[in-house]
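Engineer: Quick one, data_29.pdb (PDB, C-alpha atoms):
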MODEL        1
ATOM      1  CA  MET A   1      25.460  35.887  29.484
ATOM      2  CA  ASN A   2      21.915  37.239  29.283
ATOM      3  CA  GLU A   3      22.261  37.707  25.560
ATOM      4  CA  HIS A   4      23.447  34.130  25.279
ATOM      5  CA  ASN A   5      20.385  32.862  27.174
ATOM      6  CA  ILE A   6      18.039  34.903  25.035
ATOM      7  CA  SER A   7      19.507  33.490  21.861
ATOM      8  CA  GLN A   8      19.232  29.977  23.299
ATOM      9  CA  ASN A   9      15.579  30.384  24.175
ATOM     10  CA  LYS A  10      14.671  31.958  20.865
ATOM     11  CA  GLN A  11      12.727  29.612  18.555
ATOM     12  CA  ALA A  12      13.607  29.150  14.900
ATOM     13  CA  GLU A  13      12.147  31.944  12.786
ATOM     14  CA  PRO A  14       9.088  30.873  10.743
ATOM     15  CA  GLY A  15      10.758  31.778   7.444
ATOM     16  CA  ASP A  16      13.917  30.000   8.465
ATOM     17  CA  MET A  17      12.010  26.843   9.365
ATOM     18  CA  GLU A  18      10.126  26.882   6.066
ATOM     19  CA  GLN A  19      13.386  27.266   4.185
ATOM     20  CA  ARG A  20      14.957  24.393   6.077
ATOM     21  CA  LEU A  21      11.993  22.152   5.338
ATOM     22  CA  SER A  22      12.083  23.094   1.665
ATOM     23  CA  ALA A  23      15.829  22.406   1.622
ATOM     24  CA  TYR A  24      15.259  19.061   3.349
ATOM     25  CA  TYR A  25      12.902  17.858   0.610
ATOM     26  CA  GLY A  26      14.684  19.758  -2.149
ATOM     27  CA  PRO A  27      13.206  21.186  -5.356
ATOM     28  CA  PRO A  28      10.989  19.047  -7.644
ATOM     29  CA  LEU A  29      13.149  16.459  -9.351
ATOM     30  CA  PRO A  30      13.309  15.879 -13.080
ATOM     31  CA  GLU A  31      11.640  12.725 -14.348
ATOM     32  CA  GLN A  32      13.356   9.563 -13.144
ATOM     33  CA  PRO A  33      12.911   6.813 -15.736
ATOM     34  CA  LEU A  34      13.207   3.309 -14.343
ATOM     35  CA  PRO A  35      14.870   0.351 -16.073
ATOM     36  CA  PRO A  36      12.641  -2.125 -17.968
ATOM     37  CA  ALA A  37      13.209  -4.647 -15.139
ATOM     38  CA  SER A  38      11.064  -2.439 -12.956
ATOM     39  CA  TRP A  39       8.108  -2.827 -15.319
ATOM     40  CA  HIS A  40       8.695  -6.591 -15.429
ATOM     41  CA  ALA A  41       8.396  -6.702 -11.628
ATOM     42  CA  VAL A  42       5.087  -4.815 -11.795
ATOM     43  CA  HIS A  43       3.881  -6.963 -14.684
ATOM     44  CA  HIS A  44       4.660 -10.114 -12.732
ATOM     45  CA  GLN A  45       2.692  -8.763  -9.766
ATOM     46  CA  LEU A  46      -0.248  -7.971 -12.044
ATOM     47  CA  GLY A  47      -0.398 -11.635 -13.048
ATOM     48  CA  VAL A  48      -0.186 -12.809  -9.451
ATOM     49  CA  HIS A  49      -2.791 -10.300  -8.369
ATOM     50  CA  ALA A  50      -5.162 -11.172 -11.182
ATOM     51  CA  SER A  51      -5.005 -14.909 -10.501
ATOM     52  CA  ALA A  52      -5.368 -14.342  -6.736
ATOM     53  CA  GLN A  53      -8.396 -12.192  -7.470
ATOM     54  CA  CYS A  54      -9.861 -14.933  -9.648
ATOM     55  CA  ARG A  55      -9.364 -17.524  -6.913
ATOM     56  CA  ARG A  56     -10.797 -15.219  -4.267
ATOM     57  CA  GLY A  57     -13.738 -14.329  -6.500
ATOM     58  CA  PHE A  58     -14.486 -17.980  -7.164
ATOM     59  CA  ARG A  59     -14.516 -18.779  -3.454
ATOM     60  CA  LEU A  60     -16.646 -15.807  -2.592
ATOM     61  CA  ARG A  61     -19.180 -16.555  -5.287
ATOM     62  CA  LEU A  62     -19.522 -20.174  -4.191
ATOM     63  CA  PRO A  63     -22.161 -20.208  -1.465
ATOM     64  CA  ARG A  64     -21.464 -22.106   1.728
ATOM     65  CA  LYS A  65     -24.569 -24.246   1.386
ATOM     66  CA  ARG A  66     -23.435 -25.313  -2.087
ATOM     67  CA  LEU A  67     -20.203 -26.698  -0.598
ATOM     68  CA  ARG A  68     -22.118 -28.681   1.979
ATOM     69  CA  ALA A  69     -24.524 -29.938  -0.629
ATOM     70  CA  PHE A  70     -21.609 -31.306  -2.631
ATOM     71  CA  VAL A  71     -22.385 -34.807  -1.294
ATOM     72  CA  PRO A  72     -25.104 -36.048  -3.668
ATOM     73  CA  THR A  73     -28.611 -35.844  -2.250
ATOM     74  CA  ALA A  74     -29.309 -39.538  -2.947
ATOM     75  CA  MET A  75     -26.312 -40.434  -0.825
ATOM     76  CA  GLN A  76     -27.423 -38.135   1.984
ATOM     77  CA  ASP A  77     -30.859 -39.764   1.923
ATOM     78  CA  ALA A  78     -29.307 -43.226   2.070
ATOM     79  CA  PHE A  79     -27.260 -42.328   5.140
ATOM     80  CA  ALA A  80     -30.236 -40.711   6.816
ATOM     81  CA  ARG A  81     -32.244 -43.895   6.219
ATOM     82  CA  ILE A  82     -29.487 -46.088   7.696
ATOM     83  CA  ALA A  83     -29.337 -43.864  10.777
ATOM     84  CA  SER A  84     -33.098 -43.894  11.066
ATOM     85  CA  GLU A  85     -33.238 -47.710  10.816
ATOM     86  CA  ALA A  86     -30.538 -47.907  13.491
ATOM     87  CA  GLY A  87     -32.934 -46.106  15.830
ATOM     88  CA  ILE A  88     -31.286 -42.666  15.893
ATOM     89  CA  PRO A  89     -34.147 -40.132  15.931
ATOM     90  CA  SER A  90     -34.312 -36.943  13.814
ATOM     91  CA  THR A  91     -31.025 -37.706  12.143
ATOM     92  CA  GLN A  92     -31.389 -35.426   9.139
ATOM     93  CA  ALA A  93     -30.528 -32.297  11.134
ATOM     94  CA  ARG A  94     -27.639 -33.977  12.967
ATOM     95  CA  LEU A  95     -25.754 -35.585  10.116
ATOM     96  CA  ARG A  96     -22.875 -33.688   8.510
ATOM     97  CA  TYR A  97     -21.466 -34.921   5.221
ATOM     98  CA  ARG A  98     -18.051 -34.360   3.703
ATOM     99  CA  LEU A  99     -16.131 -35.731   0.721
ATOM    100  CA  ALA A 100     -12.398 -36.179   1.299
ATOM    101  CA  PRO A 101     -10.231 -36.434  -1.835
ATOM    102  CA  ARG A 102      -7.326 -38.243  -0.143
ATOM    103  CA  SER A 103      -9.191 -40.679   2.071
ATOM    104  CA  HIS A 104      -9.778 -44.300   1.041
ATOM    105  CA  GLU A 105     -12.345 -45.443   3.602
ATOM    106  CA  PRO A 106     -15.588 -43.947   4.855
ATOM    107  CA  VAL A 107     -15.307 -42.514   8.380
ATOM    108  CA  VAL A 108     -18.042 -41.896  10.955
ATOM    109  CA  ARG A 109     -17.151 -39.505  13.774
ATOM    110  CA  GLY A 110     -18.887 -38.062  16.776
ATOM    111  CA  SER A 111     -17.688 -34.941  18.505
ATOM    112  CA  TRP A 112     -17.054 -34.250  22.200
ATOM    113  CA  LEU A 113     -18.040 -30.649  21.824
ATOM    114  CA  ALA A 114     -21.093 -31.124  19.623
ATOM    115  CA  ARG A 115     -22.268 -34.498  20.876
ATOM    116  CA  ARG A 116     -25.465 -34.544  18.877
ATOM    117  CA  THR A 117     -23.638 -34.172  15.554
ATOM    118  CA  ILE A 118     -22.524 -37.156  13.490
ATOM    119  CA  ARG A 119     -19.910 -36.489  10.843
ATOM    120  CA  LEU A 120     -19.718 -38.763   7.829
ATOM    121  CA  THR A 121     -16.654 -38.553   5.631
ATOM    122  CA  LEU A 122     -16.624 -40.384   2.317
ATOM    123  CA  PRO A 123     -13.695 -40.928  -0.069
ATOM    124  CA  LEU A 124     -14.250 -38.705  -3.090
ATOM    125  CA  ASP A 125     -13.437 -41.499  -5.569
ATOM    126  CA  ALA A 126     -15.898 -43.886  -3.963
ATOM    127  CA  ALA A 127     -18.626 -41.272  -3.946
ATOM    128  CA  THR A 128     -18.032 -40.503  -7.620
ATOM    129  CA  ASN A 129     -18.181 -44.213  -8.507
ATOM    130  CA  MET A 130     -21.352 -44.730  -6.488
ATOM    131  CA  GLU A 131     -22.980 -41.782  -8.189
ATOM    132  CA  ARG A 132     -22.006 -43.123 -11.600
ATOM    133  CA  ASP A 133     -23.465 -46.565 -10.762
TER
ATOM    134  CA  MET B   1      -5.983  13.926 -20.946
ATOM    135  CA  THR B   2      -5.809  12.750 -24.526
ATOM    136  CA  THR B   3      -8.384  10.571 -26.199
ATOM    137  CA  CYS B   4      -5.616   8.043 -26.638
ATOM    138  CA  GLU B   5      -5.160   7.884 -22.865
ATOM    139  CA  ASP B   6      -8.921   7.581 -22.419
ATOM    140  CA  THR B   7      -8.838   4.518 -24.633
ATOM    141  CA  LEU B   8      -5.910   3.070 -22.712
ATOM    142  CA  ILE B   9      -7.729   3.535 -19.403
ATOM    143  CA  GLU B  10     -10.844   1.966 -20.859
ATOM    144  CA  ARG B  11      -8.805  -1.030 -22.038
ATOM    145  CA  GLU B  12      -6.916  -1.197 -18.776
ATOM    146  CA  ALA B  13     -10.159  -1.301 -16.841
ATOM    147  CA  HIS B  14     -10.871  -4.488 -18.736
ATOM    148  CA  ARG B  15      -7.608  -5.939 -17.461
ATOM    149  CA  ASP B  16      -5.587  -5.240 -20.601
ATOM    150  CA  GLN B  17      -1.981  -5.490 -19.416
ATOM    151  CA  GLU B  18      -0.559  -4.003 -22.622
ATOM    152  CA  ALA B  19      -2.654  -0.860 -22.109
ATOM    153  CA  PHE B  20      -1.394  -0.727 -18.545
ATOM    154  CA  ARG B  21       2.209  -0.981 -19.772
ATOM    155  CA  GLN B  22       1.632   2.075 -21.949
ATOM    156  CA  LEU B  23       0.301   4.000 -18.987
ATOM    157  CA  TRP B  24       3.360   2.883 -17.013
ATOM    158  CA  GLU B  25       5.607   4.172 -19.801
ATOM    159  CA  ALA B  26       3.834   7.527 -19.830
ATOM    160  CA  HIS B  27       3.634   8.154 -16.073
ATOM    161  CA  HIS B  28       6.187   6.129 -14.117
ATOM    162  CA  ALA B  29       9.094   8.580 -14.472
ATOM    163  CA  PRO B  30       7.334  11.607 -12.871
ATOM    164  CA  ALA B  31       5.840   9.291 -10.251
ATOM    165  CA  MET B  32       9.310   7.989  -9.412
ATOM    166  CA  ALA B  33      10.625  11.563  -9.172
ATOM    167  CA  ALA B  34       7.855  12.483  -6.725
ATOM    168  CA  ALA B  35       8.473   9.372  -4.625
ATOM    169  CA  LEU B  36      12.220   9.976  -4.560
ATOM    170  CA  ARG B  37      11.746  13.566  -3.438
ATOM    171  CA  LEU B  38       9.592  12.393  -0.539
ATOM    172  CA  CYS B  39      11.668   9.487   0.715
ATOM    173  CA  HIS B  40      15.232  10.312  -0.485
ATOM    174  CA  GLN B  41      16.022   6.645  -1.123
ATOM    175  CA  ARG B  42      16.159   5.415  -4.682
ATOM    176  CA  ALA B  43      15.357   1.748  -3.940
ATOM    177  CA  LEU B  44      12.451   2.650  -1.701
ATOM    178  CA  ALA B  45      11.155   5.202  -4.219
ATOM    179  CA  GLU B  46      11.125   2.507  -6.895
ATOM    180  CA  GLU B  47       9.231   0.175  -4.558
ATOM    181  CA  ILE B  48       6.713   2.942  -3.824
ATOM    182  CA  THR B  49       6.241   3.702  -7.532
ATOM    183  CA  GLN B  50       5.635   0.042  -8.345
ATOM    184  CA  GLY B  51       3.250  -0.289  -5.421
ATOM    185  CA  ALA B  52       1.314   2.805  -6.486
ATOM    186  CA  PHE B  53       0.866   1.416 -10.012
ATOM    187  CA  LEU B  54      -0.370  -1.884  -8.608
ATOM    188  CA  LEU B  55      -2.866  -0.012  -6.442
ATOM    189  CA  ALA B  56      -3.935   1.996  -9.487
ATOM    190  CA  TRP B  57      -4.422  -1.217 -11.454
ATOM    191  CA  ARG B  58      -6.566  -2.589  -8.662
ATOM    192  CA  GLY B  59      -8.570   0.640  -8.313
ATOM    193  CA  LEU B  60      -9.064   1.362 -11.999
ATOM    194  CA  PRO B  61     -12.611   0.023 -12.181
ATOM    195  CA  ARG B  62     -13.473   2.843  -9.739
ATOM    196  CA  PHE B  63     -11.663   5.513 -11.796
ATOM    197  CA  LYS B  64     -14.038   8.251 -12.946
ATOM    198  CA  LYS B  65     -14.223   8.389 -16.712
ATOM    199  CA  GLY B  66     -13.121  11.674 -18.247
ATOM    200  CA  CYS B  67     -10.951  12.703 -15.287
ATOM    201  CA  PRO B  68      -7.213  13.160 -15.841
ATOM    202  CA  PHE B  69      -5.192  10.060 -14.984
ATOM    203  CA  ARG B  70      -2.002  11.692 -13.639
ATOM    204  CA  PRO B  71      -3.512  13.535 -10.617
ATOM    205  CA  TRP B  72      -5.433  10.394  -9.668
ATOM    206  CA  LEU B  73      -2.274   8.311  -9.874
ATOM    207  CA  MET B  74      -0.303  10.892  -7.884
ATOM    208  CA  ARG B  75      -2.885  10.890  -5.096
ATOM    209  CA  ILE B  76      -2.506   7.111  -4.870
ATOM    210  CA  LEU B  77       1.267   7.452  -4.957
ATOM    211  CA  TYR B  78       1.389  10.065  -2.172
ATOM    212  CA  ARG B  79      -0.897   8.056   0.088
ATOM    213  CA  HIS B  80       1.070   4.887  -0.574
ATOM    214  CA  ALA B  81       4.422   6.631  -0.087
ATOM    215  CA  LEU B  82       3.367   8.014   3.291
ATOM    216  CA  ASP B  83       2.067   4.609   4.382
ATOM    217  CA  VAL B  84       5.256   2.827   3.327
ATOM    218  CA  MET B  85       7.504   5.448   4.916
ATOM    219  CA  GLU B  86       5.628   5.220   8.201
ATOM    220  CA  LYS B  87       5.579   1.441   8.102
ATOM    221  CA  GLN B  88       9.315   1.246   7.417
ATOM    222  CA  ARG B  89      10.024   4.130   9.795
ATOM    223  CA  THR B  90      12.298   5.771   7.249
ATOM    224  CA  TYR B  91      12.423   8.914   9.382
ATOM    225  CA  LEU B  92      14.477   6.954  11.951
ATOM    226  CA  ARG B  93      17.149   6.059   9.402
ATOM    227  CA  PRO B  94      20.021   8.552   9.106
ATOM    228  CA  LEU B  95      20.480  10.014   5.636
ATOM    229  CA  SER B  96      23.548   8.929   3.743
ATOM    230  CA  LEU B  97      25.632  10.985   1.344
ATOM    231  CA  ASP B  98      24.322   8.841  -1.522
ATOM    232  CA  ASP B  99      20.694   9.433  -0.505
ATOM    233  CA  VAL B 100      21.212  13.181  -0.548
ATOM    234  CA  LEU B 101      22.993  13.149  -3.893
ATOM    235  CA  ALA B 102      20.452  10.821  -5.485
ATOM    236  CA  SER B 103      17.505  12.880  -4.380
ATOM    237  CA  GLU B 104      19.020  16.283  -4.978
ATOM    238  CA  VAL B 105      21.043  16.438  -8.135
ATOM    239  CA  PRO B 106      20.406  14.645 -11.419
ATOM    240  CA  THR B 107      22.720  11.647 -11.716
ATOM    241  CA  GLY B 108      26.118  12.377 -13.213
ATOM    242  CA  SER B 109      26.159  16.117 -12.674
ATOM    243  CA  HIS B 110      27.374  16.259  -9.076
ATOM    244  CA  ASP B 111      31.062  15.830  -9.771
ATOM    245  CA  HIS B 112      31.616  19.565  -9.580
ATOM    246  CA  LEU B 113      30.160  19.842  -6.087
ATOM    247  CA  GLU B 114      32.558  20.421  -3.248
ATOM    248  CA  GLN B 115      32.719  17.493  -0.839
ATOM    249  CA  GLY B 116      32.438  19.915   2.086
ATOM    250  CA  ASP B 117      29.233  21.477   0.705
ATOM    251  CA  VAL B 118      27.574  18.107   0.343
ATOM    252  CA  GLN B 119      28.551  16.998   3.824
ATOM    253  CA  GLU B 120      27.228  20.259   5.222
ATOM    254  CA  ARG B 121      23.908  19.671   3.482
ATOM    255  CA  VAL B 122      23.780  16.099   4.778
ATOM    256  CA  ALA B 123      24.363  17.400   8.307
ATOM    257  CA  GLU B 124      21.666  20.071   7.934
ATOM    258  CA  ARG B 125      19.173  17.538   6.579
ATOM    259  CA  GLU B 126      20.006  15.228   9.446
ATOM    260  CA  VAL B 127      18.990  17.960  11.900
ATOM    261  CA  VAL B 128      15.635  18.356  10.122
ATOM    262  CA  ARG B 129      15.165  14.574   9.886
ATOM    263  CA  ARG B 130      15.676  14.165  13.636
ATOM    264  CA  ALA B 131      13.134  16.916  14.275
ATOM    265  CA  LEU B 132      10.617  15.306  11.885
ATOM    266  CA  ALA B 133      11.090  11.972  13.662
ATOM    267  CA  GLN B 134       9.699  13.544  16.824
ATOM    268  CA  LEU B 135       6.432  14.653  15.220
ATOM    269  CA  SER B 136       3.264  12.581  15.282
ATOM    270  CA  THR B 137       2.417  10.480  12.225
ATOM    271  CA  GLU B 138      -0.313  12.911  11.130
ATOM    272  CA  GLN B 139       1.984  15.894  11.494
ATOM    273  CA  ARG B 140       4.726  14.185   9.484
ATOM    274  CA  ARG B 141       2.194  13.392   6.757
ATOM    275  CA  VAL B 142       1.006  16.973   6.316
ATOM    276  CA  ILE B 143       4.556  18.320   6.415
ATOM    277  CA  ALA B 144       5.692  15.795   3.797
ATOM    278  CA  LEU B 145       2.850  16.680   1.439
ATOM    279  CA  ARG B 146       3.225  20.421   1.977
ATOM    280  CA  TYR B 147       7.009  20.662   1.569
ATOM    281  CA  GLY B 148       7.884  17.397  -0.183
ATOM    282  CA  ALA B 149       5.106  17.518  -2.757
ATOM    283  CA  ASP B 150       4.246  21.264  -2.786
ATOM    284  CA  LEU B 151       0.538  20.494  -2.324
ATOM    285  CA  THR B 152      -1.933  23.111  -1.162
ATOM    286  CA  GLU B 153      -3.994  22.531   1.957
ATOM    287  CA  VAL B 154      -7.001  21.657  -0.224
ATOM    288  CA  ASP B 155      -4.952  19.109  -2.181
ATOM    289  CA  ILE B 156      -3.577  17.622   1.041
ATOM    290  CA  ALA B 157      -7.128  17.280   2.352
ATOM    291  CA  GLN B 158      -8.062  15.423  -0.823
ATOM    292  CA  VAL B 159      -5.076  13.072  -0.633
ATOM    293  CA  LEU B 160      -5.458  12.249   3.053
ATOM    294  CA  GLY B 161      -9.243  12.339   3.167
ATOM    295  CA  TRP B 162      -9.272  14.872   5.995
ATOM    296  CA  PRO B 163     -11.340  18.083   6.207
ATOM    297  CA  VAL B 164      -9.395  21.182   5.113
ATOM    298  CA  GLY B 165      -9.702  22.659   8.621
ATOM    299  CA  THR B 166      -8.026  19.577  10.090
ATOM    300  CA  VAL B 167      -5.202  19.867   7.583
ATOM    301  CA  LYS B 168      -4.692  23.519   8.495
ATOM    302  CA  SER B 169      -4.652  22.919  12.224
ATOM    303  CA  ARG B 170      -2.342  19.904  11.961
ATOM    304  CA  LEU B 171      -0.020  21.828   9.676
ATOM    305  CA  ASN B 172       0.097  24.775  12.082
ATOM    306  CA  ARG B 173       0.757  22.539  15.075
ATOM    307  CA  ALA B 174       3.431  20.651  13.156
ATOM    308  CA  ARG B 175       5.163  23.894  12.192
ATOM    309  CA  ALA B 176       5.034  25.198  15.761
ATOM    310  CA  ARG B 177       6.464  21.947  17.113
ATOM    311  CA  LEU B 178       9.184  21.910  14.467
ATOM    312  CA  ARG B 179      10.226  25.437  15.359
ATOM    313  CA  VAL B 180      10.756  24.367  18.941
ATOM    314  CA  LEU B 181      12.519  21.137  17.982
ATOM    315  CA  LEU B 182      14.842  22.814  15.493
ATOM    316  CA  SER B 183      15.774  25.471  18.055
ATOM    317  CA  GLU B 184      16.535  22.752  20.584
ATOM    318  CA  GLU B 185      18.676  20.897  18.046
ATOM    319  CA  GLU B 186      20.821  23.982  17.546
ATOM    320  CA  ARG B 187      21.681  24.364  21.211
TER
ENDMDL
END
Any chance you could put this one into structure tokens?

Structural biologist:
Amino acid sequence: MNEHNISQNKQAEPGDMEQRLSAYYGPPLPEQPLPPASWHAVHHQLGVHASAQCRRGFRLRLPRKRLRAFVPTAMQDAFARIASEAGIPSTQARLRYRLAPRSHEPVVRGSWLARRTIRLTLPLDAATNMERD
Amino acid sequence: MTTCEDTLIEREAHRDQEAFRQLWEAHHAPAMAAALRLCHQRALAEEITQGAFLLAWRGLPRFKKGCPFRPWLMRILYRHALDVMEKQRTYLRPLSLDDVLASEVPTGSHDHLEQGDVQERVAEREVVRRALAQLSTEQRRVIALRYGADLTEVDIAQVLGWPVGTVKSRLNRARARLRVLLSEEER
């Protein structure tokens, strides 16, 4: 009985444990060539990754201010003048401009959260035509 | 590393996919063997190998010129394999007969093995797998690299980005814990 308990409490021998771990992982395997389809999967991913990187790079390189300044300056000045003539003081800092490719009409919006900001959205086509004229 | 490989790496760094294919041809088979030995599952090993090559492709601009490519790739592969295995919790999945055969004996040469022998080995590996599942992530990582990749403590430190002393202490604690767990499994 005592002998039984002793054997139960005994931990695995260090050498034994090492052997069992080595057996678990096994010896180094010979080279395992993969079918050509495997390369095609990687190749496809390379293309996806490269184009994603290009897109990401383009966005990162484009400064935020440049995006905002996309509305032509002449147009921004015109809107600022209209607002000024309508009696809205210091409008330049409060006007936000945006060009919307799918919209057909200009939109003027205020905001409940930022009450002092006026957002002007112009249809992209109209803005392009105005600039051309 | 051959001059030819140097040229390939140089071209690959400039996003030359044909050069990268040649590096794949030269290195994917040993990489796959290393991944398979670590994870025991052929499909997962293939996924790990592909993932490691994609990471290598992404990291190639940072590759030090003149250094051998294979050890660099293998470090990426080991790190990636450990991440994937932890993410997929492979240590919780019981080993199948196919897994053991695929990761142990070259395909086609296991016909002569006794069915009983194989089942015994599966059972023994299952005991070890259950014990490994109870280790911490860090302990499982050092054990995998030590016994599944035969890396030295210095190499493990390089792969995992830990100080050598940390590797040693984690390895010792992992071994001590495994001894207890394996003894408990046998009761």

Engineer: Kindly give the distance, in Å, that separates atom CA of A:Arg81 and atom CA of A:Gly110, rounded to a single decimal.

Structural biologist: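 Answer for the atom CA of A:Arg81 to atom CA of A:Gly110 separation: 18.0 Å.
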
Engineer: Write out as a tab-separated table a residue-level contact list of chain B versus chain A with cut-off 7 Å: for each qualifying residue the closest pair of atoms and the distance in Å to one decimal, counting all atoms listed in the file, rows sorted by chain and residue number upward.

Structural biologist:
residue	atom	partner	partner_atom	distance
B:His28	CA	A:Pro33	CA	6.9
B:Ala29	CA	A:Pro33	CA	4.4
B:Pro30	CA	A:Glu31	CA	4.7
B:Met32	CA	A:Gln32	CA	5.7
B:Ala33	CA	A:Gln32	CA	5.2
B:Arg37	CA	A:Tyr25	CA	6.0
B:Leu38	CA	A:Tyr25	CA	6.5
B:Gln50	CA	A:Val42	CA	6.0
B:Leu54	CA	A:Val42	CA	7.0
B:Glu104	CA	A:Gly26	CA	6.2
B:Arg125	CA	A:Tyr24	CA	5.3
B:Val128	CA	A:Tyr24	CA	6.8
B:Tyr147	CA	A:Ser22	CA	5.6
B:Gly148	CA	A:Tyr25	CA	5.1
B:Arg179	CA	A:Ala12	CA	5.0
B:Val180	CA	A:Gln11	CA	5.6
B:Leu182	CA	A:Ala12	CA	6.5
B:Ser183	CA	A:Gln11	CA	5.2
B:Arg187	CA	A:Gln8	CA	6.5

Engineer: Counting all atoms listed in the file, what is within 12 Å of B:Val164, bar same-chain residues fewer than 6 positions away, as a PyMOL selection string?

Structural biologist: chain B and resi 142+152-158+170-171

Engineer: Step by step, work through what the PyMOL selection byres ((chain A and resi 111-124) around 7) selects in the shown file, and finish by giving those residues as number ranges by chain.

Structural biologist: A: 94-110, 125-128

Engineer: Give as a short mmCIF file (atom, residue, chain, number, x, y, z; two decimals) with C-alpha atoms, in the coordinates of the input the residues that the PyMOL selection byres ((chain B and resi 99) around 10) matches when applied to the coordinates above.

Structural biologist:
data_model
loop_
_atom_site.label_atom_id
_atom_site.label_comp_id
_atom_site.auth_asym_id
_atom_site.auth_seq_id
_atom_site.Cartn_x
_atom_site.Cartn_y
_atom_site.Cartn_z
CA LEU B 36 12.22 9.98 -4.56
CA CYS B 39 11.67 9.49 0.72
CA HIS B 40 15.23 10.31 -0.48
CA GLN B 41 16.02 6.64 -1.12
CA ARG B 42 16.16 5.42 -4.68
CA ALA B 43 15.36 1.75 -3.94
CA PRO B 94 20.02 8.55 9.11
CA LEU B 95 20.48 10.01 5.64
CA SER B 96 23.55 8.93 3.74
CA LEU B 97 25.63 10.98 1.34
CA ASP B 98 24.32 8.84 -1.52
CA VAL B 100 21.21 13.18 -0.55
CA LEU B 101 22.99 13.15 -3.89
CA ALA B 102 20.45 10.82 -5.48
CA SER B 103 17.50 12.88 -4.38
CA GLU B 104 19.02 16.28 -4.98
CA VAL B 122 23.78 16.10 4.78
#

Engineer: Rounded to one decimal in Å, what is the spacing between atom CA of B:Thr90 and atom CA of B:Pro71?

Structural biologist: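 Calculated distance between atom CA of B:Thr90 and atom CA of B:Pro71 is 25.1 Å.
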
Engineer: May I have the centre and edge lengths, in Å to one decimal, of an axis-aligned box around the listed atoms of stretch 30-49 of chain A with 5 Å added to every side, as JSON?

Structural biologist:
{"center_x": 6.0, "center_y": 1.5, "center_z": -13.2, "size_x": 27.7, "size_y": 38.7, "size_z": 19.6}
